[in-house]
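Student: To start, I am sharing the structure in question, which I have written as C-alpha cells.
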Amino acid sequence: MSMNSVGRPTRPEAVESGYQPGGRGLLQDEPLLFELDGWDKTGVDLADVGDDLAGFDGLGGLVRSGPIGLPGLSEPETVRHYVRLSQKNHAIDLAIYPLGSCTMKHNPRLNEKMARLPGFADIHPLQPQSTVQGALGLMDRLAHWLKTLTGMPAVALTPKAGAHGELCGLLAIRAAHEAKGQGHRKTVLAPTSAHGTNPATAAFCGYTVVEIAQTADGRVDLADLEAKLGDHVAAIMVTNPNTCGLFERDILEISRLTHAAGAYFYCDGANFNAIVGRVRPGDLGVDAMHINLHKTFSTPHGGGGPGAGPVVLSAALAAYAPTPWVVHDDDGFRLQETPEAEAEAAFGRMCAFHGQMGMYVRAYAYMLSHGADGLKQVAEDAVLNANYLKARLSDLMSPAFPDGPCMHEALFDDSWLEGTGVTTLDFAKAMIDEGFHPMTMYFPLVVHGAMLIEPTETEPKQELDRFVEAMRRLATAAKAGEAERFRAAPVMAPLRRLDETLAARKPRLRWAPVAAEAQAAE
Amino acid sequence: MLGVIGVDHVDQLFVDVPQAARREGPVDLPRHAGELEVERELNQLAGKNRSAGSAPFFCGAGAYRHHVPATVDHLIQRSEFLTSYTPYQPEIAQGTLQMLFEFQTQVAALTGMDVANASLYDGSTATGEAVMMAARVTRRSKAVFSGGVHPHYIETSETLAHAAGVSTAKLPPAVDAEAAVINLIDADTACVVVQTPNVFGTVTDVSKIAEAAHAAGALLVVVTTEAVSYGLLKSPGEMGADIAVAEGQSIGVGLNFGGPYVGLFATRDKFVRQMPGRLCGETVDAEGRRGFVLTLSTREQHIRRDKATSNICTNSGLCALAFSIHMTLLGEVGLRRLAAINHAKARRLAKVVATVPGVEVLTPRYFNEIAVRLPAPAARVVEALAQGGMLAGVPFSRLAPGMDDVVLLAATETTSDADIDLLRLALTKVLAAKELTQ
C-alpha cells in the first residue's frame, strides 16, 4: 500500500511556483542576515572588559560613538544560515561544472588538510626567517616544480591571481624594454579571442591594444601578426592552448616573428592544464606566462577566489622579477625583500608579504600527489575527455572548429540553433533544470553564440555520458520546437531568471533598514 | 572513448603540437606519491616552522593573530562554497551571491561608507586600486602618502600607479605625523593616502586631512590593516574618507604566512561606477522574488576589455566568506568586546615593556600595536628572542630601511598576561647581553 499522495505535489511542474517562505523540500528559504533580529546577539564568548577601558587612556575623541549596525547570530543560528545559503549553490562536488576556460576540476581534500597544518596556516609573514625555514623551503620547491614543468629559468610567485600575474608579466616586459632603451614600444598585440583580462591589463599598463586576426581554423593569423609587428610593439599576448580550445600549431613561428621584431611573447597560461607534463612553454619561445594554481593545480575556486598566479619568466626577463623572492645560501633560505645589488632591476612589488602561501601548499601537495607521470596524464585525460564530448555532441550541435582534435575544451557555436527560437542563453539555462552547471557562454567572442565546454580530467566516463545524454535530450527538444520551455528555464533552480537590467539600472548594493530607504526615496 | 573519437592513441590528440616541442617521456621530476608520502613530506616542512600558537607571539605589521571560531573554518569547507566558481549563473549561485551582498553590507557598515565591493586580493592591492580609482574620479595623476602607511602598501601602490602613469610622493616613515601629508597636496593631487591605526600603531583622527584634501579637489583614502580596530575606533567614513580600504585578514582568515587574505574596499555612492572589482546587487527573478546578481559589470574586464576600471577577475571570495561568518558570529556586541580586549592587552603590553631598561614606547595613541625603540638593532634582538622560543614582534627594518632600532609589537585577545611577562623577562635578559648592543 503506497502512501496517500492526494494533494501532494508529485511532479516537478506541480511545485513550479510554490516557493513559499519556510522552504521547499530540502531547500530552506533564508532571509538576509540583517532580517533575523540579531542586533543584540553574539555567537562568541568573550570576557567583558568594559569597565577596564573607562577613559581609553587618551583615545577619547577617537572612539566610535554611534552604533555600527552589525547584527550577530548564535553559533547554531550561524551554522543554519550558511548551510541554508550553501544549498542554493551548484558545486563541482555535486556534478560536472563544464565552464570552459575556468577549469573546474576536483579539489583534493588532502590539499585542504595540508594547508591547515599549523606550521603553514599559523605562521606570520614577518616572523624571523630562522623560524619559517620549512615555509621558505616549500616556496623554493614549488618554484622548482613550476620552472621544471614549464622549462623556464625563473618564477615570480607573488601574484595573487591570473590577472595579477598578467600584470606582473607585462611589468617585467616593460622594465626590460626600458632598460634596453626600448621604452617607445607602446603597443601590445592580442587576438580577438583573448581573455578580457589581457586587453584590460595591457591598457592598464599604458599600452595600446591592437587585435590580431584569426584564421578560419581558429588560430593566430601569421600574416596579420607579421604585418602588425614592428618597432612599436612591446609584446604579444597569446593564450596557448587558445580560448577556442586549440593548440596554436604555428607557435614556434609566432615566437620567432615576435622576437625578430624585438618584442616579447607573453603567454596566457590559463589553459596550461591541457599540456602540463607534455609540453614546456619554454620550448615554445615564451618569455612570460602566468599559471593559475586554481586551475591547473586544483586549488579551490571558492566561489570567486582566492587564486594564485605565479609567473614564469625567460632568461631575458628574470632580472626584472618583483620582490620578494626566496634565495638559498649557507644559512638556509631567506627572502630577498629590500633592494640589494641583485634586486636592483626588480620592477617593484606585487603585494605586501610573499603571495598566496595557502595556495602554494595546496598546489604543491597536488604536484607531489601526481608527480611527473600523473601530471602528464592530467593533460592527456583532460584532452581525451574534451574530445569525447565533442565527438558525442557533434551530430546534434555545431562544433566551431570541426576539423582535427581540440585540446582540453570543446567549442560550439549557435548555428545549430538557428530557426529554433532558442538562444545560447536559453539553452544554458535549460541545462540548469537538468542538474548541470551551464558551459561558458558567449566567449570567446570570435564565435557566434559560443558554448565552450571544459570537462577536465577529473570527470569519469559515467559522468560524461550522463552529461552527454542530458545535452542530447535538450538539443533534440530545442530542434523539436520546444522553445517556450527553454525561454522559461530554469524552473527547478532556487530562483527563476534574474533581472540583471534592473540590478544595473537601480543598483542596490547593500541592505538598508526600510525606514532609511523610505527617507532616501523622499 | 578513443574509438568514439576516432583515434587509436591519445598522442594523436596532440598532433597540433610542433614536433620540436613534443617531449618523449615525463619531465625530470619525481613520480606520483601516495597520500601518506605527501603528508610525510609536508609535515616535515611544516615542522620546520614555529607556529604562532606555539610561542609567545607579538607580530603584527599588517597581519594579526586572532582567535577564529571553529565554526568559520567548518562552514567555508562546505563543498557548495569551496568548490563553486564565480557566481556567473545567479539562479544556481544564490548562496554565494547572498553571502557577498551581506559581506558588502557588513564592510560598508564597519568602514562607515555607503557601498563596498565583493573583496579584492588583500589590503595592499586594494590600496593600489584605490589610488587608481581616485585618479579616474579626479582625472589627476598624482598620489601622496603619509609616513604612516605600511611601506609594503606604498611599494605595491607605487608599482601599480607607475605602471599606469600616476606619479607618487611620500613622506619618510614617521610614528605620529599623518597630518604632515597635507604639505604634499597640490593641484595635481588625485588622492591623499593615510593609515589609521598606522604602521607604527598610531591612531589618528584624519578629519583635518580630509578637509585639506577636499579643499584641493583631492580624495582621501584611509587605509586600515587591523580590521578589528573598527570595533573601537571612529570609522573612516565618520572622518571624511572618500575611499576606505583595509586588510580583512584579522577577521576570520588567519595568518597563512601572508596569504590568501581579503582586501576590503568601500566608497561613497557617487563613485560607485568607478569602483574596481566585483559588485553584488539585489534584483528580482521572473516571479518577482528577491534575488542577487553580479552587477555593474560594464566596469569589468570581461565586458569592457581594454576600457575596464581594473583588470581584476578572481578576487578573494572564500576569505570574504570567512570574514562574513566570523563577523556574523561576533555581531556588533562581540566585535566591540573583542576590540576592547585587544586594546586592553596592548595597554598592558605597553606598560610592561616600558619598564625594561633602555626601552621606549614611541606610539602615543594606539589600538593594539605599538612601536618600541630598543637600545640595540631590533632585528638582532628579535632573532635572539626567537632562539629562546619567542616570536617577539616585527623589526621595522623588515619593512623599510632606517629605524633599525624600532620593533613593532602587537597584542590581541590571544596574548596572555603571562606571555607579556615572559617578553619583559626575555627582553631584559637579551638587552643585558653586551654583544647585541655593540
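So you can find residues: chains in the C-alpha cells are A, B, ... in the order shown, residues in each start at 1, and ligands are numbered from 1 in order.
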Contacts of stretch 507-514 of chain A at 8 Å or less, counting only C-alpha atoms, minus same-chain residues fewer than 3 places along, as an mmCIF file with N, CA and C atoms, in the first residue's frame?

Tutor:
data_model
loop_
_atom_site.group_PDB
_atom_site.id
_atom_site.type_symbol
_atom_site.label_atom_id
_atom_site.label_comp_id
_atom_site.auth_asym_id
_atom_site.auth_seq_id
_atom_site.Cartn_x
_atom_site.Cartn_y
_atom_site.Cartn_z
ATOM 1 N N PHE A 34 20.503 40.405 8.014
ATOM 2 C CA PHE A 34 20.039 41.635 8.671
ATOM 3 C C PHE A 34 18.554 41.590 9.006
ATOM 4 N N LEU A 502 17.537 45.433 -14.239
ATOM 5 C CA LEU A 502 17.051 46.173 -13.072
ATOM 6 C C LEU A 502 18.192 46.376 -12.062
ATOM 7 N N ALA A 503 18.969 45.314 -11.849
ATOM 8 C CA ALA A 503 20.071 45.398 -10.875
ATOM 9 C C ALA A 503 21.059 46.488 -11.264
ATOM 10 N N ALA A 504 21.321 46.634 -12.549
ATOM 11 C CA ALA A 504 22.298 47.622 -13.007
ATOM 12 C C ALA A 504 21.706 49.024 -13.060
ATOM 13 N N GLU A 517 15.496 53.597 3.826
ATOM 14 C CA GLU A 517 15.242 53.597 2.380
ATOM 15 C C GLU A 517 14.108 54.542 2.022
ATOM 16 N N ALA A 518 13.068 54.523 2.863
ATOM 17 C CA ALA A 518 11.934 55.399 2.605
ATOM 18 C C ALA A 518 12.381 56.855 2.637
ATOM 19 N N PHE B 101 26.428 39.846 -0.802
ATOM 20 C CA PHE B 101 25.590 41.017 -0.504
ATOM 21 C C PHE B 101 25.681 41.339 0.994
ATOM 22 N N GLU B 102 25.656 40.312 1.802
ATOM 23 C CA GLU B 102 25.777 40.515 3.251
ATOM 24 C C GLU B 102 27.182 41.018 3.613
ATOM 25 N N GLN B 104 29.185 42.767 1.678
ATOM 26 C CA GLN B 104 29.275 44.175 1.262
ATOM 27 C C GLN B 104 28.611 45.083 2.296
ATOM 28 N N THR B 105 27.466 44.641 2.814
ATOM 29 C CA THR B 105 26.757 45.450 3.806
ATOM 30 C C THR B 105 27.570 45.559 5.094
ATOM 31 N N ALA B 108 30.541 47.909 4.468
ATOM 32 C CA ALA B 108 30.097 49.302 4.397
ATOM 33 C C ALA B 108 29.810 49.833 5.804
ATOM 34 N N VAL B 115 29.017 52.111 0.295
ATOM 35 C CA VAL B 115 28.977 50.916 -0.532
ATOM 36 C C VAL B 115 30.353 50.257 -0.542
ATOM 37 N N ALA B 116 30.344 48.916 -0.549
ATOM 38 C CA ALA B 116 31.598 48.164 -0.581
ATOM 39 C C ALA B 116 31.533 47.145 -1.712
ATOM 40 N N LEU B 279 30.849 43.463 -7.864
ATOM 41 C CA LEU B 279 29.794 44.003 -7.024
ATOM 42 C C LEU B 279 28.583 43.095 -7.128
ATOM 43 N N CYS B 280 27.973 42.835 -5.990
ATOM 44 C CA CYS B 280 26.752 42.041 -5.969
ATOM 45 C C CYS B 280 25.587 42.983 -5.679
ATOM 46 N N GLY B 281 24.506 42.837 -6.431
ATOM 47 C CA GLY B 281 23.369 43.709 -6.230
ATOM 48 C C GLY B 281 22.068 42.938 -6.144
ATOM 49 N N GLU B 282 21.076 43.616 -5.538
ATOM 50 C CA GLU B 282 19.770 42.979 -5.365
ATOM 51 C C GLU B 282 18.912 43.184 -6.600
ATOM 52 N N THR B 283 18.101 42.192 -6.910
ATOM 53 C CA THR B 283 17.144 42.330 -8.001
ATOM 54 C C THR B 283 15.990 41.357 -7.737
ATOM 55 N N THR B 295 26.660 42.697 -10.575
ATOM 56 C CA THR B 295 26.094 43.806 -11.342
ATOM 57 C C THR B 295 27.123 44.890 -11.642
ATOM 58 N N LEU B 296 26.689 45.861 -12.419
ATOM 59 C CA LEU B 296 27.548 46.946 -12.902
ATOM 60 C C LEU B 296 28.806 46.367 -13.551
#

Student: Excluding B:Thr415 and its own-chain neighbours fewer than 2 positions away, which residues fall within 10 Å of it when counting only C-alpha atoms? Please give them as number ranges by chain.

Tutor: B: 53, 56-58, 65-66, 342, 345-346, 349, 410-413, 417-420

Student: Using only C-alpha atoms, which of the listed residues (A:Leu498, A:Leu110, A:Val220, A:Ala489) sits closest to chain B?

Tutor: A:Leu498

Student: Closest to chain A among B:His74, B:His302, B:Arg140, B:His150, using only C-alpha atoms?

Tutor: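 Closest candidate: B:His302.
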
Student: Skipping near chain neighbours, those fewer than 5 positions away, what residues fall within 9 Å of A:Ala478 using only C-alpha atoms, listed as a PyMOL selection string?

Tutor: chain A and resi 417+420-422+427+473+483+485-486

Student: Under the rule that only C-alpha atoms are counted, which of A:Pro153, A:Gly218, A:Gly25, A:Gly307 is the nearest residue to A:Pro191?

Tutor: A:Gly218

Student: By how many Å are atom CA of B:Asp421 and atom CA of B:Val352 apart?

Tutor: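 Spanning atom CA of B:Asp421 to atom CA of B:Val352 is a straight-line distance of 7.3 Å.
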
Student: Which residues come within 12 Å of A:His106, counting only C-alpha atoms, excluding same-chain residues fewer than 6 positions away, as JSON, numbers by chain?

Tutor: {"A": [91, 92, 93, 94, 95, 96, 97, 98, 294, 295, 296, 297, 298, 299, 300, 301, 366, 378, 455, 456, 457, 458, 459, 460], "B": [79, 82, 83, 84]}

Student: Could you pull out all residues of stretch 281-325 of chain A with a DSSP call of strand (DSSP E or B) and give them as a PyMOL selection string?

Tutor: chain A and resi 288-290+311-313+323+325

Student: What separation in Å, quoted to one decimal, exists between atom CA of A:Ala175 and atom CA of A:Leu136?

Tutor: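 A separation of 26.9 Å between them.
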
Student: With only C-alpha atoms as the atoms that count, which of B:Pro401, B:Gly334, B:Gly62, B:Gly258 lies nearest to B:Phe200?

Tutor: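 For B:Phe200, the nearest of the given residues is B:Gly62.
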
Student: Give me the residues near stretch 372-383 of chain B as a PyMOL selection string, where near means some atom within 6 Å (using only C-alpha atoms) and where sequence neighbours in that chain fewer than 4 positions away do not count.

Tutor: chain B and resi 358-362+392+395+404-407+437

Student: What are the closest atom pairs, with distances in Å to one decimal, for each residue of stretch 38-118 of chain B lying within 10 Å of stretch 214-230 of chain B, using only C-alpha atoms, rows by chain and rising residue number, as a tab-separated table?

Tutor:
residue	atom	partner	partner_atom	distance
B:Gly60	CA	B:Glu226	CA	8.8
B:Ala61	CA	B:Thr225	CA	7.9
B:Gly62	CA	B:Thr225	CA	5.1
B:Ala63	CA	B:Thr225	CA	7.4
B:Tyr64	CA	B:Glu226	CA	7.2
B:His66	CA	B:Val228	CA	9.3
B:Val107	CA	B:Ala227	CA	9.9
B:Ala109	CA	B:Tyr230	CA	9.6
B:Leu110	CA	B:Tyr230	CA	6.0
B:Thr111	CA	B:Tyr230	CA	7.1
B:Gly112	CA	B:Tyr230	CA	9.4

Student: Convert the current residue selection to file output with C-alpha atoms, as an mmCIF file, in the first residue's frame.

Tutor:
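Saved to out09.cif:
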data_model
loop_
_atom_site.group_PDB
_atom_site.id
_atom_site.type_symbol
_atom_site.label_atom_id
_atom_site.label_comp_id
_atom_site.auth_asym_id
_atom_site.auth_seq_id
_atom_site.Cartn_x
_atom_site.Cartn_y
_atom_site.Cartn_z
ATOM 1 C CA GLY B 60 51.668 42.469 13.625
ATOM 2 C CA ALA B 61 52.683 44.992 10.975
ATOM 3 C CA GLY B 62 49.750 44.208 8.733
ATOM 4 C CA ALA B 63 48.910 40.627 9.759
ATOM 5 C CA TYR B 64 47.438 39.776 13.146
ATOM 6 C CA HIS B 66 43.259 36.356 16.287
ATOM 7 C CA VAL B 107 32.045 46.138 5.185
ATOM 8 C CA ALA B 109 28.860 49.440 8.000
ATOM 9 C CA LEU B 110 32.303 48.821 9.505
ATOM 10 C CA THR B 111 34.008 51.458 7.381
ATOM 11 C CA GLY B 112 31.150 53.921 7.669
#

Student: Show which residues sit within 8 Å of A:Ala346, as a PyMOL selection string. Count only C-alpha atoms, and ignore same-chain residues fewer than 6 positions away.

Tutor: chain A and resi 319-323

Student: Identify, on the basis of only C-alpha atoms, every residue whose closest approach to stretch 145-152 of chain A does not exceed 10 Å; exclude the query and any residue fewer than 2 positions from it along the same chain; express the result as number ranges by chain.

Tutor: A: 139-143, 154-155, 157, 272, 275-289, 291, 310-315, 318, 364, 367-368, 371-372, 375-376; B: 26-30

Student: From the set A:His195, A:Arg219, A:Arg496, A:His184, which residue has the shortest atom-to-atom contact distance to A:Tyr442, counting only C-alpha atoms?

Tutor: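 Smallest distance to A:Tyr442 is found for A:His195.
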
Student: From the set B:Gly263, B:Gly47, B:Gly147, B:Gly389, which residue has the shortest atom-to-atom contact distance to B:Ile182, counting only C-alpha atoms?

Tutor: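 Closest to B:Ile182 of all the choices is B:Gly147.
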
Student: To test your reading of the structure, identify every residue in stretch 250-286 of chain A that backbone DSSP assigns to helix (DSSP H, G or I), and report it as a list of chain:residue names.

Tutor: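 Going through stretch 250-286 of chain A, the helix (DSSP H, G or I) residues come out as A:Ile251, A:Leu252, A:Glu253, A:Ile254, A:Ser255, A:Arg256, A:Leu257, A:Thr258, A:His259, A:Ala260, A:Gly269, A:Ala270, A:Asn271, A:Phe272, A:Asn273, A:Ala274, A:Pro281, A:Gly282, A:Asp283, A:Leu284.
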
Student: What separation in Å, quoted to one decimal, exists between atom CA of B:Gly254 and atom CA of A:Pro125?

Tutor: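 Between atom CA of B:Gly254 and atom CA of A:Pro125 the gap works out to 11.2 Å.
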